[in-house]
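**Q** Got a structure for you, structure.pdb, holding PDB, N, CA and C atoms.
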```pdb
ATOM      1  N   MET Q 407      12.316  -2.984 -24.236  1.00  0.00           N
ATOM      2  CA  MET Q 407      12.026  -3.115 -22.816  1.00  0.00           C
ATOM      3  C   MET Q 407      11.031  -2.042 -22.395  1.00  0.00           C
ATOM      4  N   SER Q 408      10.129  -2.410 -21.527  1.00  0.00           N
ATOM      5  CA  SER Q 408       9.100  -1.492 -21.066  1.00  0.00           C
ATOM      6  C   SER Q 408       9.672  -0.492 -20.058  1.00  0.00           C
ATOM      7  N   GLU Q 409       9.096   0.696 -20.053  1.00  0.00           N
ATOM      8  CA  GLU Q 409       9.526   1.685 -19.063  1.00  0.00           C
ATOM      9  C   GLU Q 409       8.887   1.430 -17.705  1.00  0.00           C
ATOM     10  N   TRP Q 410       7.922   0.514 -17.670  1.00  0.00           N
ATOM     11  CA  TRP Q 410       7.235   0.191 -16.420  1.00  0.00           C
ATOM     12  C   TRP Q 410       7.879  -1.011 -15.750  1.00  0.00           C
ATOM     13  N   PRO Q 411       8.291  -0.883 -14.498  1.00  0.00           N
ATOM     14  CA  PRO Q 411       8.794  -2.043 -13.771  1.00  0.00           C
ATOM     15  C   PRO Q 411       7.634  -2.806 -13.118  1.00  0.00           C
ATOM     16  N   ALA Q 412       7.796  -4.099 -12.921  1.00  0.00           N
ATOM     17  CA  ALA Q 412       6.795  -4.848 -12.157  1.00  0.00           C
ATOM     18  C   ALA Q 412       6.805  -4.292 -10.733  1.00  0.00           C
ATOM     19  N   THR Q 413       5.625  -4.071 -10.182  1.00  0.00           N
ATOM     20  CA  THR Q 413       5.501  -3.394  -8.891  1.00  0.00           C
ATOM     21  C   THR Q 413       4.393  -4.040  -8.069  1.00  0.00           C
ATOM     22  N   LYS Q 414       4.526  -3.976  -6.765  1.00  0.00           N
ATOM     23  CA  LYS Q 414       3.477  -4.482  -5.876  1.00  0.00           C
ATOM     24  C   LYS Q 414       2.217  -3.625  -6.012  1.00  0.00           C
ATOM     25  N   ALA Q 415       1.069  -4.261  -5.906  1.00  0.00           N
ATOM     26  CA  ALA Q 415      -0.209  -3.567  -6.051  1.00  0.00           C
ATOM     27  C   ALA Q 415      -0.385  -2.480  -4.994  1.00  0.00           C
ATOM     28  N   SER Q 416       0.157  -2.683  -3.805  1.00  0.00           N
ATOM     29  CA  SER Q 416       0.015  -1.675  -2.748  1.00  0.00           C
ATOM     30  C   SER Q 416       0.711  -0.370  -3.136  1.00  0.00           C
ATOM     31  N   ARG Q 417       1.857  -0.458  -3.845  1.00  0.00           N
ATOM     32  CA  ARG Q 417       2.564   0.754  -4.299  1.00  0.00           C
ATOM     33  C   ARG Q 417       1.781   1.465  -5.398  1.00  0.00           C
ATOM     34  N   VAL Q 418       1.166   0.690  -6.285  1.00  0.00           N
ATOM     35  CA  VAL Q 418       0.369   1.275  -7.368  1.00  0.00           C
ATOM     36  C   VAL Q 418      -0.838   1.994  -6.778  1.00  0.00           C
ATOM     37  N   LEU Q 419      -1.521   1.347  -5.842  1.00  0.00           N
ATOM     38  CA  LEU Q 419      -2.679   1.971  -5.204  1.00  0.00           C
ATOM     39  C   LEU Q 419      -2.285   3.242  -4.466  1.00  0.00           C
ATOM     40  N   ALA Q 420      -1.177   3.217  -3.748  1.00  0.00           N
ATOM     41  CA  ALA Q 420      -0.707   4.404  -3.027  1.00  0.00           C
ATOM     42  C   ALA Q 420      -0.411   5.543  -4.000  1.00  0.00           C
ATOM     43  N   ALA Q 421       0.178   5.237  -5.152  1.00  0.00           N
ATOM     44  CA  ALA Q 421       0.476   6.260  -6.152  1.00  0.00           C
ATOM     45  C   ALA Q 421      -0.813   6.850  -6.713  1.00  0.00           C
ATOM     46  N   LEU Q 422      -1.810   6.014  -6.947  1.00  0.00           N
ATOM     47  CA  LEU Q 422      -3.091   6.518  -7.445  1.00  0.00           C
ATOM     48  C   LEU Q 422      -3.770   7.423  -6.419  1.00  0.00           C
ATOM     49  N   LEU Q 423      -3.706   7.031  -5.161  1.00  0.00           N
ATOM     50  CA  LEU Q 423      -4.317   7.851  -4.106  1.00  0.00           C
ATOM     51  C   LEU Q 423      -3.619   9.202  -3.979  1.00  0.00           C
ATOM     52  N   ARG Q 424      -2.300   9.218  -4.168  1.00  0.00           N
ATOM     53  CA  ARG Q 424      -1.562  10.491  -4.143  1.00  0.00           C
ATOM     54  C   ARG Q 424      -1.922  11.376  -5.328  1.00  0.00           C
ATOM     55  N   ASN Q 425      -2.347  10.770  -6.439  1.00  0.00           N
ATOM     56  CA  ASN Q 425      -2.655  11.518  -7.654  1.00  0.00           C
ATOM     57  C   ASN Q 425      -4.125  11.911  -7.770  1.00  0.00           C
ATOM     58  N   GLY Q 426      -4.832  11.936  -6.668  1.00  0.00           N
ATOM     59  CA  GLY Q 426      -6.200  12.446  -6.693  1.00  0.00           C
ATOM     60  C   GLY Q 426      -7.304  11.410  -6.767  1.00  0.00           C
ATOM     61  N   TRP Q 427      -6.969  10.141  -6.790  1.00  0.00           N
ATOM     62  CA  TRP Q 427      -7.977   9.089  -6.796  1.00  0.00           C
ATOM     63  C   TRP Q 427      -8.354   8.760  -5.361  1.00  0.00           C
ATOM     64  N   SER Q 428      -9.578   8.328  -5.138  1.00  0.00           N
ATOM     65  CA  SER Q 428     -10.001   7.908  -3.809  1.00  0.00           C
ATOM     66  C   SER Q 428     -10.809   6.619  -3.935  1.00  0.00           C
ATOM     67  N   VAL Q 429     -10.841   5.845  -2.866  1.00  0.00           N
ATOM     68  CA  VAL Q 429     -11.585   4.589  -2.855  1.00  0.00           C
ATOM     69  C   VAL Q 429     -13.047   4.919  -2.575  1.00  0.00           C
ATOM     70  N   ALA Q 430     -13.901   4.662  -3.555  1.00  0.00           N
ATOM     71  CA  ALA Q 430     -15.331   4.921  -3.403  1.00  0.00           C
ATOM     72  C   ALA Q 430     -15.994   3.790  -2.628  1.00  0.00           C
ATOM     73  N   ARG Q 431     -15.594   2.562  -2.943  1.00  0.00           N
ATOM     74  CA  ARG Q 431     -16.096   1.402  -2.199  1.00  0.00           C
ATOM     75  C   ARG Q 431     -15.180   0.231  -2.472  1.00  0.00           C
ATOM     76  N   SER Q 432     -15.278  -0.784  -1.625  1.00  0.00           N
ATOM     77  CA  SER Q 432     -14.461  -1.976  -1.836  1.00  0.00           C
ATOM     78  C   SER Q 432     -15.205  -3.204  -1.356  1.00  0.00           C
ATOM     79  N   ARG Q 433     -14.861  -4.309  -1.974  1.00  0.00           N
ATOM     80  CA  ARG Q 433     -15.411  -5.591  -1.567  1.00  0.00           C
ATOM     81  C   ARG Q 433     -14.372  -6.642  -1.911  1.00  0.00           C
ATOM     82  N   GLY Q 434     -13.772  -7.213  -0.897  1.00  0.00           N
ATOM     83  CA  GLY Q 434     -12.695  -8.174  -1.117  1.00  0.00           C
ATOM     84  C   GLY Q 434     -11.488  -7.465  -1.698  1.00  0.00           C
ATOM     85  N   SER Q 435     -10.967  -7.998  -2.805  1.00  0.00           N
ATOM     86  CA  SER Q 435      -9.806  -7.375  -3.433  1.00  0.00           C
ATOM     87  C   SER Q 435     -10.210  -6.329  -4.473  1.00  0.00           C
ATOM     88  N   HIS Q 436     -11.493  -6.188  -4.743  1.00  0.00           N
ATOM     89  CA  HIS Q 436     -11.958  -5.225  -5.742  1.00  0.00           C
ATOM     90  C   HIS Q 436     -12.229  -3.880  -5.074  1.00  0.00           C
ATOM     91  N   ARG Q 437     -11.574  -2.844  -5.600  1.00  0.00           N
ATOM     92  CA  ARG Q 437     -11.794  -1.482  -5.101  1.00  0.00           C
ATOM     93  C   ARG Q 437     -12.254  -0.615  -6.261  1.00  0.00           C
ATOM     94  N   LEU Q 438     -13.306   0.130  -6.063  1.00  0.00           N
ATOM     95  CA  LEU Q 438     -13.745   1.088  -7.060  1.00  0.00           C
ATOM     96  C   LEU Q 438     -13.106   2.420  -6.707  1.00  0.00           C
ATOM     97  N   LEU Q 439     -12.223   2.892  -7.582  1.00  0.00           N
ATOM     98  CA  LEU Q 439     -11.545   4.163  -7.374  1.00  0.00           C
ATOM     99  C   LEU Q 439     -12.263   5.226  -8.184  1.00  0.00           C
ATOM    100  N   ARG Q 440     -12.387   6.411  -7.620  1.00  0.00           N
ATOM    101  CA  ARG Q 440     -13.067   7.508  -8.298  1.00  0.00           C
ATOM    102  C   ARG Q 440     -12.180   8.742  -8.232  1.00  0.00           C
ATOM    103  N   HIS Q 441     -12.098   9.451  -9.336  1.00  0.00           N
ATOM    104  CA  HIS Q 441     -11.331  10.697  -9.416  1.00  0.00           C
ATOM    105  C   HIS Q 441     -12.306  11.860  -9.301  1.00  0.00           C
ATOM    106  N   ALA Q 442     -11.797  13.009  -8.903  1.00  0.00           N
ATOM    107  CA  ALA Q 442     -12.647  14.195  -8.732  1.00  0.00           C
ATOM    108  C   ALA Q 442     -13.321  14.608 -10.030  1.00  0.00           C
ATOM    109  N   ASP Q 443     -12.717  14.296 -11.178  1.00  0.00           N
ATOM    110  CA  ASP Q 443     -13.315  14.680 -12.457  1.00  0.00           C
ATOM    111  C   ASP Q 443     -14.363  13.680 -12.949  1.00  0.00           C
ATOM    112  N   GLY Q 444     -14.649  12.638 -12.156  1.00  0.00           N
ATOM    113  CA  GLY Q 444     -15.712  11.692 -12.478  1.00  0.00           C
ATOM    114  C   GLY Q 444     -15.256  10.369 -13.054  1.00  0.00           C
ATOM    115  N   ARG Q 445     -13.984  10.227 -13.393  1.00  0.00           N
ATOM    116  CA  ARG Q 445     -13.494   8.957 -13.923  1.00  0.00           C
ATOM    117  C   ARG Q 445     -13.534   7.888 -12.841  1.00  0.00           C
ATOM    118  N   GLU Q 446     -13.743   6.640 -13.256  1.00  0.00           N
ATOM    119  CA  GLU Q 446     -13.768   5.513 -12.330  1.00  0.00           C
ATOM    120  C   GLU Q 446     -12.854   4.409 -12.844  1.00  0.00           C
ATOM    121  N   LEU Q 447     -12.322   3.639 -11.908  1.00  0.00           N
ATOM    122  CA  LEU Q 447     -11.427   2.535 -12.229  1.00  0.00           C
ATOM    123  C   LEU Q 447     -11.655   1.431 -11.207  1.00  0.00           C
ATOM    124  N   VAL Q 448     -11.806   0.203 -11.682  1.00  0.00           N
ATOM    125  CA  VAL Q 448     -11.879  -0.940 -10.784  1.00  0.00           C
ATOM    126  C   VAL Q 448     -10.466  -1.474 -10.615  1.00  0.00           C
ATOM    127  N   PHE Q 449      -9.976  -1.443  -9.394  1.00  0.00           N
ATOM    128  CA  PHE Q 449      -8.640  -1.917  -9.054  1.00  0.00           C
ATOM    129  C   PHE Q 449      -8.820  -3.248  -8.345  1.00  0.00           C
ATOM    130  N   ALA Q 450      -8.514  -4.351  -9.040  1.00  0.00           N
ATOM    131  CA  ALA Q 450      -8.838  -5.686  -8.531  1.00  0.00           C
ATOM    132  C   ALA Q 450      -7.591  -6.506  -8.219  1.00  0.00           C
ATOM    133  N   PHE Q 451      -6.762  -5.997  -7.322  1.00  0.00           N
ATOM    134  CA  PHE Q 451      -5.541  -6.693  -6.933  1.00  0.00           C
ATOM    135  C   PHE Q 451      -5.443  -6.746  -5.412  1.00  0.00           C
ATOM    136  N   HIS Q 452      -4.908  -7.855  -4.894  1.00  0.00           N
ATOM    137  CA  HIS Q 452      -4.559  -7.914  -3.479  1.00  0.00           C
ATOM    138  C   HIS Q 452      -3.298  -7.082  -3.285  1.00  0.00           C
ATOM    139  N   ASP Q 453      -3.108  -6.536  -2.092  1.00  0.00           N
ATOM    140  CA  ASP Q 453      -1.979  -5.643  -1.837  1.00  0.00           C
ATOM    141  C   ASP Q 453      -0.624  -6.276  -2.140  1.00  0.00           C
ATOM    142  N   GLY Q 454      -0.466  -7.547  -1.911  1.00  0.00           N
ATOM    143  CA  GLY Q 454       0.817  -8.201  -2.123  1.00  0.00           C
ATOM    144  C   GLY Q 454       1.037  -8.709  -3.541  1.00  0.00           C
ATOM    145  N   ASP Q 455       0.023  -8.589  -4.403  1.00  0.00           N
ATOM    146  CA  ASP Q 455       0.155  -9.061  -5.783  1.00  0.00           C
ATOM    147  C   ASP Q 455       1.166  -8.223  -6.554  1.00  0.00           C
ATOM    148  N   GLU Q 456       1.825  -8.866  -7.491  1.00  0.00           N
ATOM    149  CA  GLU Q 456       2.763  -8.195  -8.378  1.00  0.00           C
ATOM    150  C   GLU Q 456       1.985  -7.759  -9.626  1.00  0.00           C
ATOM    151  N   VAL Q 457       2.064  -6.489  -9.957  1.00  0.00           N
ATOM    152  CA  VAL Q 457       1.407  -5.956 -11.150  1.00  0.00           C
ATOM    153  C   VAL Q 457       2.485  -5.797 -12.216  1.00  0.00           C
ATOM    154  N   GLY Q 458       2.294  -6.469 -13.329  1.00  0.00           N
ATOM    155  CA  GLY Q 458       3.293  -6.483 -14.388  1.00  0.00           C
ATOM    156  C   GLY Q 458       3.287  -5.224 -15.242  1.00  0.00           C
ATOM    157  N   PRO Q 459       4.299  -5.090 -16.095  1.00  0.00           N
ATOM    158  CA  PRO Q 459       4.440  -3.904 -16.936  1.00  0.00           C
ATOM    159  C   PRO Q 459       3.271  -3.657 -17.883  1.00  0.00           C
ATOM    160  N   ARG Q 460       2.724  -4.706 -18.467  1.00  0.00           N
ATOM    161  CA  ARG Q 460       1.609  -4.515 -19.403  1.00  0.00           C
ATOM    162  C   ARG Q 460       0.370  -3.998 -18.694  1.00  0.00           C
ATOM    163  N   MET Q 461       0.069  -4.543 -17.517  1.00  0.00           N
ATOM    164  CA  MET Q 461      -1.096  -4.083 -16.767  1.00  0.00           C
ATOM    165  C   MET Q 461      -0.876  -2.668 -16.256  1.00  0.00           C
ATOM    166  N   LEU Q 462       0.342  -2.347 -15.848  1.00  0.00           N
ATOM    167  CA  LEU Q 462       0.648  -0.977 -15.417  1.00  0.00           C
ATOM    168  C   LEU Q 462       0.445   0.012 -16.555  1.00  0.00           C
ATOM    169  N   ALA Q 463       0.822  -0.376 -17.762  1.00  0.00           N
ATOM    170  CA  ALA Q 463       0.627   0.496 -18.921  1.00  0.00           C
ATOM    171  C   ALA Q 463      -0.863   0.725 -19.180  1.00  0.00           C
ATOM    172  N   ARG Q 464      -1.668  -0.311 -19.003  1.00  0.00           N
ATOM    173  CA  ARG Q 464      -3.127  -0.162 -19.175  1.00  0.00           C
ATOM    174  C   ARG Q 464      -3.720   0.751 -18.106  1.00  0.00           C
ATOM    175  N   ILE Q 465      -3.283   0.569 -16.860  1.00  0.00           N
ATOM    176  CA  ILE Q 465      -3.757   1.420 -15.775  1.00  0.00           C
ATOM    177  C   ILE Q 465      -3.352   2.870 -16.037  1.00  0.00           C
ATOM    178  N   ALA Q 466      -2.122   3.057 -16.496  1.00  0.00           N
ATOM    179  CA  ALA Q 466      -1.609   4.401 -16.765  1.00  0.00           C
ATOM    180  C   ALA Q 466      -2.406   5.085 -17.864  1.00  0.00           C
ATOM    181  N   LYS Q 467      -2.809   4.337 -18.870  1.00  0.00           N
ATOM    182  CA  LYS Q 467      -3.557   4.921 -19.989  1.00  0.00           C
ATOM    183  C   LYS Q 467      -4.881   5.519 -19.527  1.00  0.00           C
ATOM    184  N   SER Q 468      -5.530   4.891 -18.562  1.00  0.00           N
ATOM    185  CA  SER Q 468      -6.831   5.382 -18.111  1.00  0.00           C
ATOM    186  C   SER Q 468      -6.747   6.329 -16.905  1.00  0.00           C
ATOM    187  N   THR Q 469      -5.590   6.351 -16.230  1.00  0.00           N
ATOM    188  CA  THR Q 469      -5.496   7.177 -15.012  1.00  0.00           C
ATOM    189  C   THR Q 469      -4.500   8.318 -15.100  1.00  0.00           C
ATOM    190  N   GLY Q 470      -3.590   8.259 -16.066  1.00  0.00           N
ATOM    191  CA  GLY Q 470      -2.557   9.295 -16.148  1.00  0.00           C
ATOM    192  C   GLY Q 470      -1.360   9.022 -15.260  1.00  0.00           C
ATOM    193  N   LEU Q 471      -1.256   7.832 -14.718  1.00  0.00           N
ATOM    194  CA  LEU Q 471      -0.135   7.449 -13.863  1.00  0.00           C
ATOM    195  C   LEU Q 471       1.155   7.424 -14.676  1.00  0.00           C
ATOM    196  N   ARG Q 472       2.265   7.865 -14.095  1.00  0.00           N
ATOM    197  CA  ARG Q 472       3.567   7.870 -14.761  1.00  0.00           C
ATOM    198  C   ARG Q 472       4.535   6.991 -13.972  1.00  0.00           C
ATOM    199  N   PRO Q 473       5.554   6.446 -14.630  1.00  0.00           N
ATOM    200  CA  PRO Q 473       6.513   5.589 -13.916  1.00  0.00           C
ATOM    201  C   PRO Q 473       7.160   6.280 -12.720  1.00  0.00           C
ATOM    202  N   GLN Q 474       7.431   7.565 -12.803  1.00  0.00           N
ATOM    203  CA  GLN Q 474       8.055   8.271 -11.689  1.00  0.00           C
ATOM    204  C   GLN Q 474       7.091   8.484 -10.513  1.00  0.00           C
ATOM    205  N   ASP Q 475       5.784   8.264 -10.712  1.00  0.00           N
ATOM    206  CA  ASP Q 475       4.816   8.366  -9.606  1.00  0.00           C
ATOM    207  C   ASP Q 475       4.927   7.202  -8.645  1.00  0.00           C
ATOM    208  N   LEU Q 476       5.475   6.087  -9.125  1.00  0.00           N
ATOM    209  CA  LEU Q 476       5.614   4.908  -8.266  1.00  0.00           C
ATOM    210  C   LEU Q 476       6.757   5.123  -7.315  1.00  0.00           C
TER     211      LEU Q 476
END
```
What do you get writing this file as structure tokens?
**A**
Amino acid sequence: MSEWPATKASRVLAALLRNGWSVARSRGSHRLLRHADGRELVFAFHDGDEVGPRMLARIAKSTGLRPQDL
């Protein structure tokens, strides 16, 4: 079983914003997030979408997000 629970996209985005990411620009459901150290991530989910465990693990690998951050 995965350590990541399925979570709403709005909670994932809020956790990323708390961890130093900011929205550089957005268009529709696509948001370009930028970290102070220069990393970028395209977050392409509507706020009400459910983000599954596998996608959360991929996001975590590139952003440093942890399950307890949600």
**Q** I would like the residues chosen by the PyMOL selection byres (((chain Q and resi 425-434 and name CA) around 12) and name CA) on the shown file; could you give them as a VMD selection string?
**A** chain Q and resid 418 to 424 435 to 453 466 468 to 472 474 to 476
**Q** Which of chain Q end up as alpha helix (DSSP H) when DSSP is run on this backbone - answer as a list in words?
**A**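 Listing alpha helix (DSSP H) positions across chain Q yields Ala415, Ser416, Arg417, Val418, Leu419, Ala420, Ala421, Leu422, Leu423, Arg424, Pro459, Arg460, Met461, Leu462, Ala463, Arg464, Ile465, Ala466, Lys467, Ser468 and Thr469 of chain Q.
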**Q** Using the file's own x, y and z axes, so that the box edges lie along x, y and z, what centre and edge lengths in Å (one decimal) does a box around every listed atom of range 461-466 of chain Q get when 3 Å is added on each side? Give it as lines of an AutoDock Vina configuration file.
**A**
```
center_x = -1.5
center_y = 0.3
center_z = -17.3
size_x = 10.6
size_y = 15.6
size_z = 9.8
```
**Q** If you count all atoms listed in the file, which residues fall within 7 Å of Leu462 in chain Q, apart from same-chain ones fewer than 5 positions away, as a list in words?
**A** Trp410, Val457 and Lys467 of chain Q
**Q** Kindly give the distance, in Å, that separates CA of Gly454 in chain Q and atom N of Ala412 in chain Q, rounded to a single decimal.
**A**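 Those two atoms sit 13.5 Å apart.
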**Q** Report the residues of range 410-473 of chain Q whose backbone DSSP state falls under strand (DSSP E), written as a list of chain:residue names.
**A** Q:Thr413, Q:Lys414, Q:Trp427, Q:Ser428, Q:Val429, Q:Ala430, Q:Arg431, Q:Ser432, Q:Arg433, Q:His436, Q:Arg437, Q:Leu438, Q:Leu439, Q:Arg440, Q:His441, Q:Glu446, Q:Leu447, Q:Val448, Q:Phe449, Q:Ala450, Q:Glu456, Q:Val457
**Q** So that I can check the surroundings of Pro459 in chain Q, please list as a JSON list (two decimals) with N, CA and C atoms, in the frame of the given file every protein, DNA and RNA residue that reaches within 10 Å of it, counting only C-alpha atoms and ignoring chain neighbours fewer than 2 positions away.
**A**
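Saved to part.json:
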```
[["chain", "number", "residue", "atom", "x", "y", "z"],
["Q", 407, "MET", "N", 12.32, -2.98, -24.24],
["Q", 407, "MET", "CA", 12.03, -3.12, -22.82],
["Q", 407, "MET", "C", 11.03, -2.04, -22.40],
["Q", 408, "SER", "N", 10.13, -2.41, -21.53],
["Q", 408, "SER", "CA", 9.10, -1.49, -21.07],
["Q", 408, "SER", "C", 9.67, -0.49, -20.06],
["Q", 409, "GLU", "N", 9.10, 0.70, -20.05],
["Q", 409, "GLU", "CA", 9.53, 1.68, -19.06],
["Q", 409, "GLU", "C", 8.89, 1.43, -17.70],
["Q", 410, "TRP", "N", 7.92, 0.51, -17.67],
["Q", 410, "TRP", "CA", 7.24, 0.19, -16.42],
["Q", 410, "TRP", "C", 7.88, -1.01, -15.75],
["Q", 411, "PRO", "N", 8.29, -0.88, -14.50],
["Q", 411, "PRO", "CA", 8.79, -2.04, -13.77],
["Q", 411, "PRO", "C", 7.63, -2.81, -13.12],
["Q", 412, "ALA", "N", 7.80, -4.10, -12.92],
["Q", 412, "ALA", "CA", 6.80, -4.85, -12.16],
["Q", 412, "ALA", "C", 6.80, -4.29, -10.73],
["Q", 413, "THR", "N", 5.62, -4.07, -10.18],
["Q", 413, "THR", "CA", 5.50, -3.39, -8.89],
["Q", 413, "THR", "C", 4.39, -4.04, -8.07],
["Q", 456, "GLU", "N", 1.82, -8.87, -7.49],
["Q", 456, "GLU", "CA", 2.76, -8.20, -8.38],
["Q", 456, "GLU", "C", 1.98, -7.76, -9.63],
["Q", 457, "VAL", "N", 2.06, -6.49, -9.96],
["Q", 457, "VAL", "CA", 1.41, -5.96, -11.15],
["Q", 457, "VAL", "C", 2.48, -5.80, -12.22],
["Q", 461, "MET", "N", 0.07, -4.54, -17.52],
["Q", 461, "MET", "CA", -1.10, -4.08, -16.77],
["Q", 461, "MET", "C", -0.88, -2.67, -16.26],
["Q", 462, "LEU", "N", 0.34, -2.35, -15.85],
["Q", 462, "LEU", "CA", 0.65, -0.98, -15.42],
["Q", 462, "LEU", "C", 0.44, 0.01, -16.56],
["Q", 463, "ALA", "N", 0.82, -0.38, -17.76],
["Q", 463, "ALA", "CA", 0.63, 0.50, -18.92],
["Q", 463, "ALA", "C", -0.86, 0.72, -19.18],
["Q", 464, "ARG", "N", -1.67, -0.31, -19.00],
["Q", 464, "ARG", "CA", -3.13, -0.16, -19.18],
["Q", 464, "ARG", "C", -3.72, 0.75, -18.11],
["Q", 465, "ILE", "N", -3.28, 0.57, -16.86],
["Q", 465, "ILE", "CA", -3.76, 1.42, -15.78],
["Q", 465, "ILE", "C", -3.35, 2.87, -16.04]]
```
**Q** In Å, how far is it from atom N of Ala415 in chain Q to atom N of Pro473 in chain Q?
**A**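 So the two atoms, atom N of Ala415 in chain Q and atom N of Pro473 in chain Q, lie 14.5 Å apart.
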